[in-house]
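Participant: Below: one structure in structure tokens.
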Amino acid sequence: MKACVASLCRPAGGALLFGALLHATVSIAGIDQPMDEATARAMLNRFGYGADRASLQATTGMTPRHYLDRAIRTKPAYPAALNAQLAASPAAQPLDRLWPLYGPGGSERLDKPAANQPPGSDTMRSQREIDGRQMLVAASTDRLLESANSDNPGHEALLNFWLNHFSIHGLKQINKFLVADYTRQLERAMREDSFAALLKASFFHPAMQIYLDNNRSVAADSRFAQRAERVGKQLGINENLARELLELHTLGIDSGYTQADVQALARIITGAGVLNNRLPERVVSGPGAERIGYFFFDPNRHDFGEKRLLGRSYPGGHGIDEIRQALDQLASHPKTAEHIAGKLARRFLADEPPPNVVKAMAAAYRNSGGRISATLAPLVDSPAFAESLKHPSKFKEPVDFVLSAARAACDGQVIGNGQLLWRSAQDQGQAPFMRSTPDGYGTQEADWLSPPAMAKRIRLAQTLASRPVPLAIAADGKDFTACRADAATVRVAVGHLSPETRAALTGLSPQEEMTALLASPEFMRR
Amino acid sequence: MSKPPFTSRRRLLLAGLAFAASATLPRAFAVENNAPRDGRLLVVFLRGGLDGLFAFAPVADPNLPSMRPGLSREVLASGIPLGRSGFAAHPACRPLAELYAARELAFAPCLGTTDRSRSHFQAQDLFELGHGRTQGRQGFLARAGEATGGRVRSIGFSANPPLTLQGGDAELLPLSGSGLQLRHDRTLDAIRAMHGTQASGKAIDQALASQAELDRVTGMDPKAARGAAGVAGFPKAAATMARILKEQPRIGLAFIDLGGFDTHAEEEGALGRSLPQLAEGLLALRDGLGAAEWRRTQVLVCTEFGRTARENGTRGTDHGHAGLTLLLGGAIAGGRQIGDFPGLAESRLNEGRDLPVTVDWRSLLGRSLKETQGFDMATLQKVLPGIPGLA
């Protein structure tokens, strides 16, 4: 068992107060205290993907409150050279263009073989399959590139948190084409600073409906099911999304809901699904039907009976309005407040955050009606957080490590060659949209610290320091070029070094030192 | 986090002597206590909740056709009967039926945990922690490894540490992904020095040791060991696993997990593809080990829960309770069913929806640990707290 950092092994408040007094001469961090350089560096690691000289300069002097408000509410900007590249990405195509081709009933069918088969394949692939793979890798890579180059790193870290909270799997059916739009919708909802907005953006997106099979769930006595039965097809409820809504998205496991609640919610959300391209317009705009983007509520599949969810009754005769009510009921549930507070604290404070901090966050969630900024305020304002910035103990997740290493290696140059980032993230088991199960990627040390993980990180450090891969966009914007950072600039990104690390660096060449710094224990934690 | 006692062979011996000195304990206890057995346990964990009623279907149950009109069709038509158990193996599991006939496979149709949530994640945690609670940092195989007092090595064949093996001295030998290889140079020496005795430093040392072993045992370029972590790559991974286990008899506890069993929709197609992979992989393991090693090996194929007795509206099944567990090995009491099967009648189902647990998962894990590692009940109570007895 590893010894825990003294400041985090605190059974009572006494030790903490003592710790705070010890550091009083440095700075008493608080949510409205302008950050010095060391605090800014730690903040960029905690709510972001690492520091480089430019981001350090931009963040030093900012207060944590401003940093987080901006993270939630301000749309990020990317360097012009990257914008040009992102605009040309296959994943940039709007859903309005993609859905008629690849959506249900679209023109590019799965069994329509492509004119040009990819080399080396022994089976005929459809154009849809070929396009889908390309699209998914592009969307996943673009997410990494945006996170690596953003002028608002806190925004990217929080957006990635929510994308992981409402995790979808890009390989499921046509989700390959939908993950980029899903990201855009969650990003938009995040700027509303409301958990309910995020929950609805996720629920009312075809990607989530498809991922957790709700597009196929049909009330057994609905008109749709009765018509199917006449031609010998049995249709019914699929409770997958309902269960994960309760267990993962809102209340959390062990929060007191029952199997009956899962079933009631599954009935409430029947009819929610996706738009079929061949559906006649009179049905799409028929009574009770509603289209939200390419999400489609079909009243013919809905269960109009009475339901009872978590003690609240839903009278019969209601359609999509009762789905909205149920989502609001879940979002405002006190157990949801606890669940979201705990999850934020585990990602942004410590694997085992102090219960009093989580309690204060949950209270802030409830009192603010689920505002994210209000929920994060007690976290960032807590003495435990200030302490944790001085002694970062969170083991970086693979994406944290890959992006921060690339940023340190490029030191402000625009990172444009996403292949290395994507392959690293994929190889280390955390490429965006590639988690197959709906719980999302883990955020704890035990989830990621392993011999293979360390081997992969050391290899990436070697690769970045020896620069065989041109990672940055060249000045002309047309080509990729090597990153320019050296041991000195990487030292700025890493920050304070322990005596052991400094001793181990003695006698290394600059390139060796850069490798060792990127693989140092200091750089493994955030 | 508290670690169980018996962390070293020395302390184990001391504990034995202390017991022997106590007049209240039978004399034989100290002598037979954890007498080393020359066996090996491999746990194959199927994540996602395998639909056991699809793989091994109770074809003699009159309710089967009506509850599973689509999912039982093929097994009713051409399933392979498993002795006189009333169950038949789905044609996709043909090799497993042959192992059953050879008495090298037994099955428990209603094994499960105390999970009530029907959550994948909670049920998997419960299974892997093995102490009846959902919170904890030490898995049951890690405790089992400690209980052998370092006599055997524990190994996980996955890239990330599964909960089952967390909190112990297990090694990881990933059979997929890019492996562990590192260039030995002075930069690496510097990196090792920086990490010292931190958890990350131990991980680096273990990566170096394991890779050296993998290279030697397989005698091949480790990059060729690439393969899917899903069940699709299992036959290939199982063959590699067999080579390593055969070469390294001291590996007494091993774990591998496979994904892709959460079949909410179009289950027949999904399991029709994955079950043959699973069955072929288990055969590849048996053949690769050879008769002598196979005789000292027990393989438990487990999943976090079974699924609903009824087919759902999308030709799949939803989360249930008890599920199918397979026990394989060259010297097991095979060709039999372990534990009761109460039938599919509505009144016999758990909450009218899924199979009740008739065999606690710890009971079967405990039996295999006893038979392969020589654990007595007192040790099993530490490895699997709350174990209600042996299956």
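Please note that chains go A, B, ... in the order of the structure tokens, that every chain numbers its residues from 1, and that ligands are numbered from 1 in the order shown.
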Kindly provide, as a PyMOL selection string, the residues of chain B having any atom no farther than 6 Å from an atom of chain A, counting only C-alpha atoms.
Facilitator: chain B and resi 180+187+190-191+194-195+199+203-204+206-207+313
Participant: Convert the current residue selection to file output with C-alpha atoms, as a short mmCIF file (atom, residue, chain, number, x, y, z; two decimals), in the first residue's frame.
Facilitator:
```cif
data_model
loop_
_atom_site.label_atom_id
_atom_site.label_comp_id
_atom_site.auth_asym_id
_atom_site.auth_seq_id
_atom_site.Cartn_x
_atom_site.Cartn_y
_atom_site.Cartn_z
CA LEU B 180 5.27 -3.68 -21.58
CA THR B 187 17.02 7.46 -18.80
CA ALA B 190 16.77 7.73 -13.80
CA ILE B 191 13.01 7.26 -14.10
CA MET B 194 12.67 9.00 -9.24
CA HIS B 195 9.68 6.76 -8.63
CA ALA B 199 3.23 2.55 -6.31
CA ALA B 203 4.61 -0.84 -11.37
CA ILE B 204 7.64 0.04 -13.52
CA GLN B 206 6.96 -5.20 -12.50
CA ALA B 207 6.55 -4.15 -16.12
CA GLY B 313 -39.29 -6.66 -26.69
#
```
Participant: Please list as a VMD selection string every residue within 12 Å of His120 in chain B, counting only C-alpha atoms and excluding residues in the same chain fewer than 6 positions away.
Facilitator: (chain A and resid 240 243 to 244 247 to 248 253 437 to 439) or (chain B and resid 46 to 50 113 126 to 128 134 259 261 to 262 303 to 307 318 to 321)
Participant: A:Met208, A:Thr489, A:Leu145, A:Glu290: which is nearest Leu420 in chain A, counting only C-alpha atoms?
Facilitator: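 Among the listed residues, A:Leu145 lies closest to Leu420 in chain A.
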Participant: Would you list the contacts of Arg301 in chain A as number ranges by chain, taking every protein, DNA or RNA residue within 6 Å and counting only C-alpha atoms, but skipping same-chain residues closer than 2 positions in sequence?
Facilitator: A: 218-219, 222, 224, 271, 298-299
Participant: Just to be explicit: take each residue in the selection above, keep C-alpha atoms, and write the result as an mmCIF file, in the first residue's frame.
Facilitator:
```cif
data_model
loop_
_atom_site.group_PDB
_atom_site.id
_atom_site.type_symbol
_atom_site.label_atom_id
_atom_site.label_comp_id
_atom_site.auth_asym_id
_atom_site.auth_seq_id
_atom_site.Cartn_x
_atom_site.Cartn_y
_atom_site.Cartn_z
ATOM 1 C CA VAL A 218 -42.110 -0.036 -27.364
ATOM 2 C CA ALA A 219 -45.063 -0.121 -24.969
ATOM 3 C CA SER A 222 -49.243 0.755 -27.948
ATOM 4 C CA PHE A 224 -47.195 0.408 -32.892
ATOM 5 C CA GLY A 271 -41.870 6.556 -27.542
ATOM 6 C CA ASP A 298 -43.501 8.765 -31.436
ATOM 7 C CA PRO A 299 -46.791 8.713 -29.496
#
```
Participant: Would you mind writing down, as a ChimeraX atom specification, each residue of range 279-425 of chain A that DSSP on the backbone assigns to strand (DSSP E or B)?
Facilitator: /A:290-292,295-297,307-309,312-314,395,415
Participant: Please indicate the distance in Å from CA of Gln381 in chain B to CA of Asp169 in chain B, rounded to one decimal place.
Facilitator: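 Value for the CA of Gln381 in chain B-CA of Asp169 in chain B distance: 20.1 Å.
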Participant: Can you measure CA of Ala81 in chain A to CA of Ala465 in chain A for me? One decimal in Å is fine.
Facilitator: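 Here the two named atoms are 23.6 Å from each other.
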Participant: When you draw a straight line from CA of Lys335 in chain A to CA of Leu199 in chain A, how long is it in Å?
Facilitator: 15.0 Å
Participant: Can you pull out the residues contacting Arg286 in chain B? Cut-off 9 Å, using only C-alpha atoms, and skip same-chain residues under 3 positions away; I want them as a VMD selection string.
Facilitator: chain B and resid 239 242 281 to 283 289 to 291 293 to 294 329 to 330
Participant: I need the residues from that last selection saved to file as a PDB file, in the first residue's frame (with C-alpha atoms), if you can.
Facilitator:
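Dumped to result_17.pdb:
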```
ATOM      1  CA  ALA B 239      -3.383 -20.377 -26.407  1.00  0.00           C
ATOM      2  CA  ALA B 242      -1.756 -21.870 -21.813  1.00  0.00           C
ATOM      3  CA  GLY B 281     -10.798 -20.563 -26.269  1.00  0.00           C
ATOM      4  CA  LEU B 282     -11.473 -22.915 -23.375  1.00  0.00           C
ATOM      5  CA  LEU B 283     -10.620 -25.876 -25.597  1.00  0.00           C
ATOM      6  CA  LEU B 289      -1.855 -27.044 -21.200  1.00  0.00           C
ATOM      7  CA  GLY B 290      -1.630 -30.743 -21.995  1.00  0.00           C
ATOM      8  CA  ALA B 291      -3.058 -33.546 -19.888  1.00  0.00           C
ATOM      9  CA  GLU B 293      -1.244 -29.434 -16.422  1.00  0.00           C
ATOM     10  CA  TRP B 294      -4.945 -29.664 -17.221  1.00  0.00           C
ATOM     11  CA  GLY B 329     -10.635 -28.985 -15.341  1.00  0.00           C
ATOM     12  CA  GLY B 330      -8.915 -32.283 -15.908  1.00  0.00           C
TER      13      GLY B 330
END
```
Participant: Might you pull out every residue within 8 Å of Thr379 in chain B, with only C-alpha atoms counted and same-chain residues fewer than 3 positions away left off, and present them as a list of chain:residue names?
Facilitator: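 Listed by chain and then number, they are B:Asn34, B:Ala147, B:Phe375, B:Asp376, B:Lys382, B:Val383.
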Participant: Counting only C-alpha atoms, which residue out of A:Ile340, A:Ala40, A:Ala54, A:Met35 sits closest to Gly495 in chain A?
Facilitator: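 Using only C-alpha atoms, Gly495 in chain A sits closest to A:Ala40.
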Participant: Which residues are close to Met135 in chain A, i.e. within 9 Å by only C-alpha atoms, leaving aside same-chain residues fewer than 6 positions away? Reply as a tab-separated table (two decimals) with N, CA and C atoms, in the first residue's frame.
Facilitator:
```
chain	number	residue	atom	x	y	z
A	89	SER	N	-12.42	18.47	-41.18
A	89	SER	CA	-12.55	17.10	-40.65
A	89	SER	C	-13.90	16.51	-41.05
A	90	PRO	N	-13.93	15.20	-41.36
A	90	PRO	CA	-15.21	14.56	-41.67
A	90	PRO	C	-16.23	14.73	-40.55
A	91	ALA	N	-15.74	14.81	-39.31
A	91	ALA	CA	-16.65	14.90	-38.18
A	91	ALA	C	-17.31	16.27	-38.07
A	176	LYS	N	-21.34	6.19	-34.69
A	176	LYS	CA	-20.10	6.68	-35.32
A	176	LYS	C	-20.32	8.06	-35.95
A	177	PHE	N	-21.52	8.26	-36.48
A	177	PHE	CA	-21.81	9.53	-37.17
A	177	PHE	C	-22.34	10.58	-36.20
A	180	ALA	N	-19.90	13.43	-32.73
A	180	ALA	CA	-19.46	14.83	-32.84
A	180	ALA	C	-20.63	15.76	-32.52
```
Participant: Can you tell me, as a list in words, what residues are no more than 10 Å from Gly342 in chain A when counting only C-alpha atoms, ignoring any on the same chain fewer than 3 positions away?
Facilitator: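 Non-adjacent residues within range: Thr336, Ala337, Glu338, His339, Ala345, Arg346, Arg347, Phe348, Leu349, Asp351, Glu352, Pro353, Pro354, Pro355, Val357, Val358, Lys359, Met361 and Ala362 of chain A.
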Participant: So that I have them on file, write out the residues from the current selection with N, CA and C atoms, as an mmCIF file, in the first residue's frame.
Facilitator:
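Once everything was written out, this is out06.cif:
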```cif
data_model
loop_
_atom_site.group_PDB
_atom_site.id
_atom_site.type_symbol
_atom_site.label_atom_id
_atom_site.label_comp_id
_atom_site.auth_asym_id
_atom_site.auth_seq_id
_atom_site.Cartn_x
_atom_site.Cartn_y
_atom_site.Cartn_z
ATOM 1 N N THR A 336 -29.542 12.801 -6.420
ATOM 2 C CA THR A 336 -28.775 13.232 -7.587
ATOM 3 C C THR A 336 -27.736 14.270 -7.162
ATOM 4 N N ALA A 337 -28.142 15.170 -6.267
ATOM 5 C CA ALA A 337 -27.202 16.177 -5.762
ATOM 6 C C ALA A 337 -25.986 15.498 -5.144
ATOM 7 N N GLU A 338 -26.236 14.486 -4.310
ATOM 8 C CA GLU A 338 -25.122 13.765 -3.668
ATOM 9 C C GLU A 338 -24.250 13.060 -4.692
ATOM 10 N N HIS A 339 -24.927 12.404 -5.637
ATOM 11 C CA HIS A 339 -24.207 11.616 -6.627
ATOM 12 C C HIS A 339 -23.285 12.511 -7.469
ATOM 13 N N ALA A 345 -16.215 15.676 -7.103
ATOM 14 C CA ALA A 345 -15.125 15.761 -6.113
ATOM 15 C C ALA A 345 -14.084 14.671 -6.353
ATOM 16 N N ARG A 346 -14.528 13.510 -6.787
ATOM 17 C CA ARG A 346 -13.554 12.431 -7.026
ATOM 18 C C ARG A 346 -12.699 12.707 -8.262
ATOM 19 N N ARG A 347 -13.275 13.408 -9.223
ATOM 20 C CA ARG A 347 -12.482 13.725 -10.417
ATOM 21 C C ARG A 347 -11.581 14.952 -10.175
ATOM 22 N N PHE A 348 -12.094 15.928 -9.421
ATOM 23 C CA PHE A 348 -11.379 17.201 -9.349
ATOM 24 C C PHE A 348 -10.737 17.499 -7.988
ATOM 25 N N LEU A 349 -10.858 16.551 -7.051
ATOM 26 C CA LEU A 349 -10.186 16.797 -5.772
ATOM 27 C C LEU A 349 -9.318 15.601 -5.363
ATOM 28 N N ASP A 351 -9.281 10.931 -4.851
ATOM 29 C CA ASP A 351 -9.978 9.646 -4.975
ATOM 30 C C ASP A 351 -10.946 9.437 -3.820
ATOM 31 N N GLU A 352 -10.537 9.915 -2.648
ATOM 32 C CA GLU A 352 -11.432 9.829 -1.495
ATOM 33 C C GLU A 352 -11.593 11.224 -0.911
ATOM 34 N N PRO A 353 -12.486 12.021 -1.478
ATOM 35 C CA PRO A 353 -12.615 13.414 -1.031
ATOM 36 C C PRO A 353 -13.210 13.483 0.376
ATOM 37 N N PRO A 354 -12.865 14.524 1.124
ATOM 38 C CA PRO A 354 -13.432 14.664 2.468
ATOM 39 C C PRO A 354 -14.953 14.755 2.401
ATOM 40 N N PRO A 355 -15.642 13.974 3.225
ATOM 41 C CA PRO A 355 -17.113 13.958 3.173
ATOM 42 C C PRO A 355 -17.732 15.339 3.384
ATOM 43 N N VAL A 357 -16.717 18.178 2.358
ATOM 44 C CA VAL A 357 -16.689 18.948 1.105
ATOM 45 C C VAL A 357 -17.806 18.472 0.181
ATOM 46 N N VAL A 358 -17.950 17.154 0.081
ATOM 47 C CA VAL A 358 -18.996 16.601 -0.786
ATOM 48 C C VAL A 358 -20.379 17.028 -0.277
ATOM 49 N N LYS A 359 -20.514 17.035 1.044
ATOM 50 C CA LYS A 359 -21.797 17.434 1.627
ATOM 51 C C LYS A 359 -22.123 18.890 1.283
ATOM 52 N N MET A 361 -21.019 20.554 -1.244
ATOM 53 C CA MET A 361 -21.304 20.636 -2.680
ATOM 54 C C MET A 361 -22.729 20.175 -2.973
ATOM 55 N N ALA A 362 -23.136 19.083 -2.325
ATOM 56 C CA ALA A 362 -24.496 18.579 -2.551
ATOM 57 C C ALA A 362 -25.531 19.607 -2.096
#
```
Participant: Which residue is closest to Ala260 in chain A? Choose from A:His165, A:Pro287, A:Gly311, A:Asn300 and count only C-alpha atoms.
Facilitator: A:Gly311
